[in-house]
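Text of work.cif (mmCIF, C-alpha atoms) as supplied:
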data_coords
loop_
_atom_site.label_atom_id
_atom_site.label_comp_id
_atom_site.auth_asym_id
_atom_site.auth_seq_id
_atom_site.Cartn_x
_atom_site.Cartn_y
_atom_site.Cartn_z
CA MET A 46 -26.76 -12.26 19.77
CA ASN A 47 -29.02 -15.23 18.93
CA GLN A 48 -31.49 -15.72 16.07
CA GLU A 49 -34.50 -14.73 18.16
CA THR A 50 -32.96 -11.45 19.32
CA PHE A 51 -31.85 -10.65 15.78
CA GLU A 52 -35.34 -11.29 14.35
CA ASP A 53 -36.96 -9.19 17.08
CA ILE A 54 -34.73 -6.21 16.26
CA TYR A 55 -35.14 -6.66 12.50
CA LYS A 56 -38.95 -6.83 12.64
CA LYS A 57 -39.78 -4.48 15.52
CA LYS A 58 -36.99 -1.92 16.00
CA LEU A 59 -36.34 -0.78 12.44
CA ASP A 60 -38.67 1.71 10.79
CA ALA A 61 -39.54 2.08 7.10
CA LYS A 62 -36.54 4.30 6.36
CA HIS A 63 -34.17 1.72 7.85
CA HIS A 64 -35.73 -1.07 5.79
CA GLU A 65 -35.35 1.01 2.64
CA ILE A 66 -31.66 1.75 3.21
CA LEU A 67 -30.57 -1.57 4.70
CA PRO A 68 -30.95 -3.77 1.56
CA LEU A 69 -28.85 -1.31 -0.44
CA PHE A 70 -26.17 -1.29 2.27
CA LEU A 71 -26.11 -5.11 2.26
CA GLN A 72 -25.68 -5.05 -1.53
CA GLY A 73 -22.30 -3.42 -0.90
CA LYS A 74 -23.27 0.06 -2.10
CA THR A 75 -21.40 3.07 -0.77
CA ASP A 76 -23.28 5.78 1.11
CA GLN A 77 -23.13 7.98 -1.98
CA GLN A 78 -24.51 5.19 -4.18
CA ILE A 79 -27.33 4.64 -1.70
CA ALA A 80 -28.12 8.37 -1.73
CA ASP A 81 -28.12 8.35 -5.55
CA SER A 82 -30.48 5.36 -5.59
CA LEU A 83 -32.89 7.16 -3.25
CA LYS A 84 -32.44 10.66 -4.68
CA ASN A 85 -36.19 11.17 -5.03
CA LYS A 86 -36.73 10.33 -1.38
CA VAL A 87 -35.89 12.21 1.80
CA TYR A 88 -32.31 10.90 1.80
CA LYS A 89 -30.58 13.66 -0.10
CA ASN A 90 -26.87 12.99 0.41
CA ARG A 91 -24.27 10.60 1.80
CA THR A 92 -24.22 12.46 5.13
CA SER A 93 -27.86 11.65 5.82
CA ILE A 94 -27.35 8.04 4.67
CA ASN A 95 -24.43 7.72 7.07
CA ARG A 96 -26.68 8.97 9.87
CA TRP A 97 -29.40 6.39 9.11
CA ILE A 98 -26.86 3.54 8.91
CA THR A 99 -25.45 4.67 12.25
CA GLU A 100 -28.97 4.37 13.72
CA ILE A 101 -29.23 0.82 12.35
CA ARG A 102 -25.86 -0.08 13.89
CA GLY A 103 -27.16 1.19 17.21
CA ARG A 104 -30.34 -0.90 16.97
CA PHE A 105 -28.34 -4.13 16.55
CA SER A 106 -26.04 -3.45 19.50
CA GLU A 107 -26.55 -5.59 22.60
CA THR A 108 -24.35 -3.48 24.86
CA GLY A 109 -25.49 0.01 23.95
CA GLU A 110 -22.08 0.62 22.35
CA LEU A 111 -22.27 1.38 18.62
CA ILE A 112 -21.18 -1.65 16.56
CA ASP A 113 -18.94 -1.25 13.50
CA ARG A 114 -20.22 -1.63 9.95
CA TRP A 115 -18.40 -4.93 9.45
CA GLU A 116 -20.13 -6.23 12.61
CA LEU A 117 -23.49 -5.26 11.18
CA VAL A 118 -22.65 -7.15 7.97
CA GLU A 119 -21.52 -10.12 10.06
CA ARG A 120 -24.84 -10.27 11.94
CA PHE A 121 -26.80 -10.35 8.71
CA PHE A 122 -24.43 -12.86 7.14
CA GLN A 123 -25.07 -15.13 10.12
CA TYR A 124 -28.85 -14.74 10.52
CA LYS A 125 -30.13 -13.45 7.16
CA PRO A 126 -27.43 -14.38 4.61
CA GLU A 127 -29.81 -14.14 1.65
CA LEU A 128 -29.67 -10.32 1.99
CA VAL A 129 -25.85 -10.11 1.90
CA THR A 130 -24.33 -10.02 -1.59
CA ASP A 131 -20.85 -11.09 -2.65
CA GLU A 132 -20.14 -7.44 -3.44
CA CYS A 133 -20.86 -6.52 0.18
CA LEU A 134 -18.57 -9.28 1.46
CA LYS A 135 -15.85 -8.16 -0.93
CA ARG A 136 -16.19 -4.54 0.13
CA TYR A 137 -15.74 -5.33 3.79
CA LYS A 138 -12.81 -7.64 2.96
CA PHE A 139 -13.74 -10.52 5.27
CA LEU A 140 -15.98 -11.12 8.24
CA PRO A 141 -13.87 -11.33 11.40
CA ARG A 142 -15.31 -13.10 14.42
CA ASN A 143 -13.73 -10.80 16.98
CA LYS A 144 -12.24 -7.34 17.21
CA GLU A 145 -8.67 -8.67 17.33
CA GLU A 146 -9.14 -10.02 13.79
CA ARG A 147 -10.76 -6.96 12.26
CA PRO A 148 -9.07 -5.39 9.21
CA ASP A 149 -6.36 -2.98 10.33
CA GLN A 150 -5.94 0.60 9.20
CA ASP A 151 -3.33 -0.35 6.61
CA GLU A 152 -6.06 -1.96 4.50
CA ILE A 153 -6.70 1.57 3.28
CA TYR A 154 -3.87 1.08 0.78
CA LEU A 155 -4.70 -2.33 -0.64
CA GLU A 156 -7.62 -3.94 -2.37
CA ARG A 157 -8.25 -7.64 -1.86
CA GLU A 158 -8.26 -8.22 -5.65
CA LEU A 159 -4.70 -6.87 -5.90
CA LEU A 160 -3.45 -9.12 -3.11
CA ASP A 161 -5.11 -12.17 -4.62
CA SER A 162 -3.78 -11.42 -8.09
CA CYS A 163 -0.19 -10.99 -6.88
CA HIS A 164 -0.40 -14.13 -4.76
CA LYS A 165 -1.56 -16.21 -7.73
CA LYS A 166 1.41 -14.96 -9.73
CA LEU A 167 3.79 -15.99 -6.94
CA LEU A 168 2.53 -19.58 -7.22
CA GLN A 169 4.00 -19.80 -10.73
CA VAL A 170 7.53 -20.92 -11.56
CA GLY A 171 9.72 -18.13 -12.89
CA THR A 172 7.86 -15.25 -11.23
CA LEU A 173 9.34 -11.77 -10.91
CA LEU A 174 6.98 -9.09 -9.58
CA ARG A 175 8.09 -5.47 -9.85
CA ILE A 176 6.06 -3.25 -7.49
CA LYS A 177 6.35 0.35 -8.65
CA ALA A 178 4.96 3.38 -6.82
CA PRO A 179 6.20 6.64 -5.30
CA LYS A 180 7.38 6.90 -1.73
CA GLN A 181 4.74 6.16 0.95
CA TRP A 182 2.19 4.64 -1.42
CA GLY A 183 1.96 1.22 0.25
CA LYS A 184 4.70 -0.74 -1.55
CA THR A 185 6.22 -2.15 1.63
CA LEU A 186 2.78 -3.00 2.97
CA LEU A 187 1.98 -4.96 -0.20
CA VAL A 188 5.33 -6.78 -0.04
CA ASN A 189 4.79 -7.75 3.59
CA ARG A 190 1.23 -8.94 2.94
CA LEU A 191 2.47 -11.11 0.09
CA LEU A 192 5.16 -12.61 2.32
CA GLU A 193 2.59 -13.29 5.06
CA THR A 194 0.34 -15.06 2.57
CA ALA A 195 3.26 -17.09 1.20
CA ARG A 196 4.25 -18.21 4.71
CA GLY A 197 0.66 -19.25 5.31
CA GLU A 198 0.94 -21.52 2.27
CA GLY A 199 4.07 -23.17 3.64
CA ASP A 200 6.60 -21.23 1.55
CA ARG A 201 9.81 -19.78 2.97
CA THR A 202 10.32 -16.04 2.72
CA ALA A 203 13.09 -13.49 3.05
CA TYR A 204 12.67 -9.71 3.15
CA ILE A 205 15.64 -7.51 2.26
CA ASP A 206 15.29 -3.75 2.70
CA VAL A 207 18.17 -2.18 0.80
CA LEU A 208 17.84 0.94 2.97
CA ASP A 209 19.26 -1.16 5.82
CA ALA A 210 22.61 -1.60 4.03
CA ASP A 211 25.29 0.88 5.04
CA LYS A 212 26.78 3.32 2.56
CA GLU A 213 30.08 1.46 2.29
CA SER A 214 28.31 -1.81 1.42
CA CYS A 215 26.41 -0.10 -1.39
CA GLU A 216 29.71 0.82 -3.01
CA ASN A 217 31.46 -2.54 -2.59
CA LEU A 218 30.03 -5.60 -4.36
CA ASP A 219 31.66 -8.24 -2.16
CA ARG A 220 30.61 -6.48 1.02
CA PHE A 221 27.03 -5.96 -0.18
CA LEU A 222 26.53 -9.56 -1.30
CA GLN A 223 27.87 -10.88 2.00
CA TRP A 224 25.47 -8.58 3.83
CA PHE A 225 22.66 -9.78 1.59
CA CYS A 226 23.46 -13.49 2.03
CA ARG A 227 23.86 -13.11 5.77
CA ASN A 228 20.40 -11.55 6.07
CA VAL A 229 18.68 -14.14 3.88
CA GLY A 230 20.42 -16.91 5.82
CA ARG A 231 19.31 -15.40 9.13
CA GLU A 232 15.65 -15.41 8.03
CA LEU A 233 15.89 -19.07 6.99
CA GLY A 234 17.78 -20.18 10.09
CA VAL A 235 21.10 -20.93 8.36
CA ALA A 236 24.09 -20.88 10.73
CA LYS A 237 26.22 -17.78 10.08
CA GLU A 238 29.35 -19.95 9.96
CA LYS A 239 28.04 -21.41 6.69
CA LEU A 240 28.67 -18.14 4.89
CA LEU A 241 32.28 -18.05 6.06
CA GLU A 242 32.71 -21.66 5.01
CA LEU A 243 31.38 -21.16 1.48
CA TRP A 244 32.73 -17.69 0.67
CA ASP A 245 35.96 -18.08 -1.31
CA LYS A 246 37.92 -14.85 -1.48
CA ASP A 247 39.57 -16.02 -4.70
CA ASP A 248 36.23 -16.34 -6.50
CA ASP A 249 33.99 -13.68 -8.02
CA SER A 250 31.49 -12.30 -5.50
CA LYS A 251 28.47 -13.25 -7.60
CA VAL A 252 29.80 -16.80 -7.97
CA ASN A 253 30.09 -16.98 -4.18
CA CYS A 254 26.56 -15.66 -3.77
CA ASN A 255 25.16 -18.26 -6.18
CA GLU A 256 27.10 -21.00 -4.39
CA TYR A 257 25.72 -19.90 -1.03
CA PHE A 258 22.14 -20.04 -2.30
CA GLU A 259 22.61 -23.47 -3.88
CA LYS A 260 24.37 -25.08 -0.92
CA ALA A 261 22.99 -23.21 2.11
CA ILE A 262 19.67 -21.57 1.22
CA PHE A 263 17.81 -23.87 -1.17
CA PRO A 264 18.37 -27.03 0.94
CA GLU A 265 16.27 -25.26 3.61
CA VAL A 266 13.41 -24.71 1.14
CA GLU A 267 10.94 -27.52 0.56
CA LYS A 268 8.42 -25.70 -1.68
CA SER A 269 9.25 -22.15 -2.71
CA LEU A 270 11.34 -19.21 -1.53
CA VAL A 271 9.76 -15.78 -1.97
CA LEU A 272 12.65 -13.32 -1.90
CA ALA A 273 11.70 -9.64 -1.69
CA PHE A 274 14.01 -6.70 -2.39
CA ASP A 275 12.43 -3.53 -1.03
CA ASN A 276 13.68 -0.02 -1.95
CA ILE A 277 16.07 -1.43 -4.53
CA ASP A 278 16.27 2.02 -6.15
CA ARG A 279 18.62 2.91 -3.27
CA LEU A 280 21.27 1.15 -5.39
CA PHE A 281 20.62 3.00 -8.66
CA PRO A 282 23.21 5.77 -8.08
CA CYS A 283 25.73 3.31 -6.58
CA ALA A 284 28.75 1.70 -8.21
CA ILE A 285 27.42 -1.83 -7.68
CA ALA A 286 23.98 -1.22 -9.21
CA GLU A 287 24.64 -2.85 -12.58
CA ASP A 288 26.20 -5.95 -10.98
CA ILE A 289 23.25 -6.49 -8.62
CA LEU A 290 20.61 -5.87 -11.27
CA THR A 291 22.24 -8.18 -13.83
CA MET A 292 22.52 -10.85 -11.12
CA LEU A 293 18.78 -10.63 -10.43
CA ARG A 294 18.05 -10.93 -14.15
CA ALA A 295 20.33 -13.99 -14.31
CA TRP A 296 18.46 -15.52 -11.35
CA PHE A 297 15.15 -14.90 -13.09
CA GLU A 298 16.43 -16.79 -16.14
CA LYS A 299 17.70 -19.62 -13.91
CA THR A 300 14.24 -20.09 -12.37
CA LYS A 301 12.91 -21.18 -15.76
CA ARG A 302 15.92 -23.20 -16.83
CA GLU A 303 17.37 -25.00 -13.79
CA LYS A 304 14.88 -27.33 -12.10
CA LYS A 305 16.82 -28.61 -9.09
CA HIS A 306 17.17 -25.44 -7.01
CA TRP A 307 16.41 -22.22 -8.82
CA SER A 308 12.87 -23.17 -9.85
CA LYS A 309 11.99 -22.71 -6.16
CA LEU A 310 12.78 -18.99 -6.30
CA ARG A 311 10.12 -16.28 -6.63
CA LEU A 312 11.39 -12.70 -6.84
CA VAL A 313 9.65 -9.51 -5.69
CA VAL A 314 11.34 -6.17 -6.37
CA ALA A 315 9.87 -2.90 -5.01
CA HIS A 316 11.05 0.50 -6.16
CA SER A 317 9.93 4.14 -6.25
CA THR A 318 11.60 5.33 -9.45
CA GLU A 319 12.15 3.94 -12.91
CA CYS A 320 15.58 2.38 -13.31
CA TYR A 321 18.00 4.90 -14.80
CA VAL A 322 21.09 2.67 -14.59
CA PRO A 323 22.57 2.37 -18.11
CA MET A 324 22.65 -1.35 -18.98
CA ASN A 325 21.96 -3.86 -21.73
CA ALA A 326 18.21 -4.43 -22.06
CA ASN A 327 18.82 -8.20 -22.15
CA GLN A 328 20.48 -8.02 -18.72
CA SER A 329 17.94 -5.84 -16.92
CA PRO A 330 15.36 -7.23 -14.47
CA PHE A 331 13.07 -4.29 -15.26
CA ASN A 332 11.88 -5.50 -18.66
CA VAL A 333 10.94 -9.03 -17.60
CA GLY A 334 8.34 -10.36 -15.18
CA GLU A 335 5.31 -8.25 -14.40
CA THR A 336 4.92 -4.69 -13.14
CA ILE A 337 2.42 -3.98 -10.35
CA ALA A 338 1.83 -0.22 -10.39
CA LEU A 339 0.01 1.25 -7.38
CA SER A 340 -2.13 4.18 -8.43
CA GLU A 341 -3.83 7.16 -6.81
CA PHE A 342 -7.24 6.80 -5.22
CA SER A 343 -10.23 7.99 -7.25
CA LEU A 344 -13.05 10.12 -5.84
CA GLU A 345 -15.22 7.00 -5.58
CA GLN A 346 -12.53 5.06 -3.71
CA ILE A 347 -11.95 7.92 -1.28
CA SER A 348 -15.70 8.18 -0.65
CA GLU A 349 -15.82 4.45 0.03
CA LEU A 350 -12.86 4.68 2.40
CA MET A 351 -14.59 7.50 4.26
CA ASP A 352 -17.66 5.29 4.61
CA ARG A 353 -15.64 2.28 5.71
CA HIS A 354 -13.89 4.30 8.39
CA GLU A 355 -17.12 6.01 9.40
CA VAL A 356 -16.00 9.52 8.54
CA SER A 357 -18.85 11.80 7.52
CA LEU A 358 -18.26 14.92 5.41
CA LYS A 359 -20.82 17.33 4.04
CA ASP A 360 -21.61 17.67 0.35
CA GLY A 361 -18.62 19.01 -1.56
CA GLU A 362 -16.14 18.52 1.29
CA ILE A 363 -14.53 15.40 -0.17
CA GLU A 364 -14.05 17.26 -3.44
CA ARG A 365 -12.36 20.13 -1.58
CA LEU A 366 -10.10 17.69 0.22
CA ILE A 367 -9.11 16.11 -3.09
CA GLU A 368 -8.39 19.56 -4.56
CA THR A 369 -5.72 19.91 -1.87
CA ILE A 370 -4.18 16.42 -1.59
CA GLY A 371 -5.29 14.61 -4.75
CA GLY A 372 -5.55 10.84 -4.43
CA HIS A 373 -2.15 10.31 -2.75
CA PRO A 374 -2.75 7.23 -0.51
CA PHE A 375 -0.62 8.42 2.41
CA LEU A 376 -2.16 11.89 2.42
CA VAL A 377 -5.66 10.38 2.26
CA ASP A 378 -4.77 8.05 5.14
CA ARG A 379 -3.60 10.96 7.32
CA ALA A 380 -6.75 12.96 6.50
CA ILE A 381 -9.02 10.05 7.46
CA ALA A 382 -7.10 9.50 10.70
CA PHE A 383 -7.46 13.19 11.57
CA LEU A 384 -11.16 13.32 10.71
CA LYS A 385 -11.89 10.19 12.74
CA ASP A 386 -10.12 11.66 15.75
CA ASN A 387 -11.93 14.93 15.11
CA LYS A 388 -15.14 13.26 16.27
CA ASN A 389 -13.75 13.78 19.76
CA HIS A 390 -12.47 17.28 18.94
CA PRO A 391 -15.18 18.87 16.79
CA ASP A 392 -13.77 22.32 17.40
CA VAL A 393 -11.23 21.74 14.59
CA THR A 394 -13.05 21.90 11.24
CA LEU A 395 -12.06 20.61 7.81
CA ASP A 396 -11.59 24.24 6.75
CA GLU A 397 -9.04 24.78 9.52
CA MET A 398 -7.28 21.52 8.69
CA LEU A 399 -6.97 22.49 5.02
CA ALA A 400 -5.87 26.02 5.87
CA LYS A 401 -2.82 24.65 7.72
CA ALA A 402 -2.28 21.59 5.52
CA ALA A 403 0.66 23.07 3.56
CA THR A 404 2.45 24.33 6.68
CA LEU A 405 4.80 22.62 9.10
CA GLU A 406 2.24 22.96 11.89
CA GLY A 407 -0.48 21.16 9.92
CA ILE A 408 -1.23 17.43 9.95
CA TYR A 409 1.28 16.84 7.13
CA GLY A 410 4.10 18.78 8.81
CA SER A 411 6.49 15.88 9.44
CA HIS A 412 5.81 14.44 5.97
CA LEU A 413 6.54 17.77 4.27
CA ARG A 414 9.65 18.28 6.38
CA GLU A 415 10.95 14.86 5.29
CA LEU A 416 10.31 15.58 1.60
CA TRP A 417 11.99 18.96 1.90
CA GLY A 418 15.03 17.25 3.42
CA ASP A 419 15.17 14.76 0.52
CA ILE A 420 15.02 17.53 -2.08
CA GLN A 421 17.64 19.66 -0.31
CA GLU A 422 20.19 16.86 -0.63
CA ARG A 423 20.77 17.78 -4.29
CA GLU A 424 20.99 21.26 -5.77
CA GLU A 425 19.60 19.93 -9.07
CA LEU A 426 16.41 18.80 -7.35
CA ILE A 427 15.96 22.18 -5.65
CA ILE A 428 16.25 23.99 -8.99
CA ALA A 429 13.95 21.49 -10.73
CA MET A 430 11.26 21.64 -8.04
CA LYS A 431 11.33 25.44 -8.04
CA GLU A 432 10.71 25.39 -11.79
CA VAL A 433 7.83 22.92 -11.39
CA VAL A 434 5.92 24.82 -8.69
CA SER A 435 6.50 28.22 -10.31
CA ALA A 436 5.09 27.21 -13.68
CA THR A 437 1.41 27.44 -14.60
CA GLU A 438 1.75 24.48 -16.97
CA SER A 439 3.65 21.19 -16.90
CA VAL A 440 7.41 21.52 -17.48
CA ALA A 441 10.11 19.45 -19.17
CA LEU A 442 13.04 18.25 -17.04
CA LYS A 443 16.00 15.95 -17.47
CA LEU A 444 14.90 12.31 -17.32
CA ASN A 445 16.87 11.46 -14.17
CA LEU A 446 15.30 14.43 -12.34
CA ILE A 447 11.82 13.36 -13.40
CA HIS A 448 12.49 9.86 -12.05
CA GLN A 449 13.73 11.17 -8.71
CA LEU A 450 10.92 13.67 -8.14
CA ASP A 451 8.33 11.11 -9.25
CA GLY A 452 9.90 8.58 -6.86
CA LEU A 453 9.42 11.03 -4.00
CA GLY A 454 5.80 11.40 -5.10
CA VAL A 455 5.92 15.20 -5.34
CA VAL A 456 5.22 15.37 -9.09
CA LYS A 457 3.04 13.49 -11.54
CA LEU A 458 3.71 12.79 -15.18
CA ASP A 459 1.98 14.68 -17.97
CA GLY A 460 3.30 12.99 -21.07
CA ASN A 461 7.04 13.65 -21.03
CA LYS A 462 6.60 16.58 -18.66
CA VAL A 463 5.71 16.93 -14.98
CA MET A 464 3.52 19.05 -12.71
CA PRO A 465 3.06 19.16 -8.91
CA ARG A 466 1.19 16.06 -7.76
CA CYS A 467 -1.26 18.15 -5.76
CA ASN A 468 -1.89 21.69 -4.51
CA LEU A 469 -0.49 20.73 -1.10
CA TYR A 470 2.96 20.25 -2.61
CA ARG A 471 2.67 23.25 -4.91
CA CYS A 472 1.86 25.58 -2.01
CA PHE A 473 4.43 24.15 0.42
CA PHE A 474 7.39 24.06 -1.97
CA ALA A 475 6.52 27.41 -3.53
CA GLU A 476 6.79 28.93 -0.04
CA GLN A 477 10.06 27.13 0.77
CA LEU A 478 11.68 27.98 -2.58
CA LYS A 479 10.95 31.71 -2.67
#

Structure encoded using structure tokens:
Amino acid sequence: MNQETFEDIYKKKLDAKHHEILPLFLQGKTDQQIADSLKNKVYKNRTSINRWITEIRGRFSETGELIDRWELVERFFQYKPELVTDECLKRYKFLPRNKEERPDQDEIYLERELLDSCHKKLLQVGTLLRIKAPKQWGKTLLVNRLLETARGEGDRTAYIDVLDADKESCENLDRFLQWFCRNVGRELGVAKEKLLELWDKDDDSKVNCNEYFEKAIFPEVEKSLVLAFDNIDRLFPCAIAEDILTMLRAWFEKTKREKKHWSKLRLVVAHSTECYVPMNANQSPFNVGETIALSEFSLEQISELMDRHEVSLKDGEIERLIETIGGHPFLVDRAIAFLKDNKNHPDVTLDEMLAKAATLEGIYGSHLRELWGDIQEREELIIAMKEVVSATESVALKLNLIHQLDGLGVVKLDGNKVMPRCNLYRCFFAEQLK
């Protein structure tokens, strides 16, 4: 599209209603905010606003195929930038020049401000970021985005998912640290023979690990090494947990004290539960650095996500959805994916989706089945969850049980007590635990 075509559409193919809505859209307002701004007009709710914006997107299409909202913003940013505010640019993340570069679906979990803030922290010497959130809340996504950004800045990175370690390694310190070093070395291109050369069976395993980093890893790092431990809570019930955690705390202290090698290290630790490993507070990595806690989506955020993904619900329907699933990011993501696909299958309504939501045949079936499998692994968790879903008020549990259920995301804290995170979980587990 050229300037002349754009101007012709803008001046001749938009009516008064379009010109009233468009400036508010380009200010970065959500559909609901636009409706609220025009509440005395004919635009009564976000559904009608969505319909008018869809018409505008159609007017600016050259092919007859409906353009996306970010493409509409891009056209105005190119030909009438004075109408596009910073808030609008921020809301639509960035302005890609082609469809291959458009924001992917995973952006539903992360806000640009959070990514930027974490990245700035990783530029500082002596950084330890602790990313805390329940299962399936976007922790791994955030870790991977931070590593991508670091690589773009010329840093070296290594990603260690503790879930990849076998059970035997998680119970044997020497075996785990060799597995860990081997994986870090592989990501940095260190020959595997180097580990065999440097690992002295007569030395302490942690001494060997430190030696390997100083003589094999850090020489490969010119600027910084961002080292991420994902799902580190896998180690909490294991015999080696205290050794690994105290080692990470010692590394954090080294980053501030030893300039030659260790000042290059930036640590990222992601976990679902609070650490319940008994250890000296001065040796724990969980009371230093900075915690990044991912939270539930608010009603406003969910409404904005619906707008961004072009999902239109009637008045009150978003509230009913939230009554069932709360602001759980994964559950919201699945709902949006279903409702987008439902444009092609309008015979399945939101009512029908919600009616089956807490069953194994609903859209959350595989997710619920996985959670049920996790809880069934321990009799204590079964008893605790039954108490939680049977109660009409929040209940008190042993601290380790609270941590584990919160890590799975099935409960939320209410002071020192817990309650089901949402009605979806209350209904499903109440049925399973009859």

(request) With a distance cut-off of 9 Å and all atoms listed in the file, select the neighbouring residues of range 409-414 of chain A, excluding the residue or stretch itself and same-chain residues fewer than 5 positions from it, and output the selection as number ranges by chain. (result) A: 376, 379-380, 401-404, 419, 470, 473-474

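Under the PyMOL selection byres ((chain A and resi 426-438) around 7), the matching residues in the shown file are A:Ile420, A:Gln421, A:Arg423, A:Glu424, A:Glu425, A:Ser439, A:Val440, A:Leu446, A:Met464, A:Pro465, A:Arg471, A:Phe474, A:Ala475, A:Leu478.
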
Specify the axis-aligned box that encloses all atoms of range 429-436 of chain A listed in the file after padding of 3 Å on each side, stating its centre and edge lengths in Å to one decimal as JSON.
{"center_x": 9.5, "center_y": 24.9, "center_z": -10.9, "size_x": 14.9, "size_y": 12.7, "size_z": 11.6}

(request) For Ala338 in chain A, list every protein, DNA or RNA residue within 7 Å, evaluated using all atoms listed in the file, and leave out those in the same chain fewer than 5 positions away; present the list as a ChimeraX atom specification. (result) /A:176-178

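Taking all atoms listed in the file into account, Arg302 in chain A lies nearest to A:Gly171 out of the set A:Pro68, A:Gly171, A:Pro126, A:Gly109.
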
(message) Using all atoms listed in the file for the distances, tell me which of A:Glu298, A:Asn253, A:Leu167, A:Asp131 is nearest to Val271 in chain A.
(response)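 Result for the nearest residue to Val271 in chain A: A:Leu167.
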
(request) Check which residues satisfy the PyMOL selection byres ((chain A and resi 78-84) around 10) in the file shown, then give them as number ranges by chain. (result) A: 65-70, 72-77, 85-95, 345, 348-349

(message) So that I can check the surroundings of range 231-248 of chain A, please list as a ChimeraX atom specification every protein, DNA and RNA residue that reaches within 12 Å of it, counting all atoms listed in the file and ignoring chain neighbours fewer than 6 positions away.
(response) /A:196,200-205,219-220,222-225,254-267,270-273

Would you save range 313-326 of chain A to a file, keeping N, CA and C atoms, as a CSV table (one decimal), in the first residue's frame?
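Okay, selection.csv is ready:
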chain,number,residue,atom,x,y,z
A,313,VAL,N,19.9,-17.6,36.5
A,313,VAL,CA,18.5,-17.6,36.5
A,313,VAL,C,18.0,-18.9,37.0
A,314,VAL,N,17.1,-18.9,38.0
A,314,VAL,CA,16.6,-20.1,38.6
A,314,VAL,C,15.1,-20.0,38.6
A,315,ALA,N,14.4,-21.0,38.0
A,315,ALA,CA,13.0,-21.1,37.8
A,315,ALA,C,12.4,-22.2,38.7
A,316,HIS,N,11.4,-21.9,39.4
A,316,HIS,CA,10.8,-23.0,40.3
A,316,HIS,C,9.3,-22.7,40.5
A,317,SER,N,8.6,-23.8,40.8
A,317,SER,CA,7.1,-23.7,41.0
A,317,SER,C,6.7,-23.6,42.4
A,318,THR,N,7.5,-24.1,43.3
A,318,THR,CA,7.2,-24.1,44.7
A,318,THR,C,8.2,-23.4,45.5
A,319,GLU,N,7.9,-22.9,46.7
A,319,GLU,CA,8.8,-22.3,47.6
A,319,GLU,C,9.8,-23.4,48.1
A,320,CYS,N,11.0,-23.1,48.3
A,320,CYS,CA,12.0,-24.1,48.8
A,320,CYS,C,11.7,-24.5,50.2
A,321,TYR,N,11.5,-25.8,50.4
A,321,TYR,CA,11.2,-26.4,51.7
A,321,TYR,C,12.4,-27.3,52.2
A,322,VAL,N,13.6,-27.1,51.5
A,322,VAL,CA,14.8,-27.8,52.0
A,322,VAL,C,15.3,-27.2,53.2
A,323,PRO,N,15.4,-27.9,54.3
A,323,PRO,CA,16.0,-27.2,55.5
A,323,PRO,C,17.5,-26.9,55.3
A,324,MET,N,17.8,-25.6,55.5
A,324,MET,CA,19.2,-25.2,55.3
A,324,MET,C,19.5,-23.9,55.9
A,325,ASN,N,20.7,-23.6,56.2
A,325,ASN,CA,21.1,-22.3,56.8
A,325,ASN,C,20.7,-21.2,55.8
A,326,ALA,N,20.1,-20.1,56.4
A,326,ALA,CA,19.6,-19.0,55.5
A,326,ALA,C,20.8,-18.4,54.8
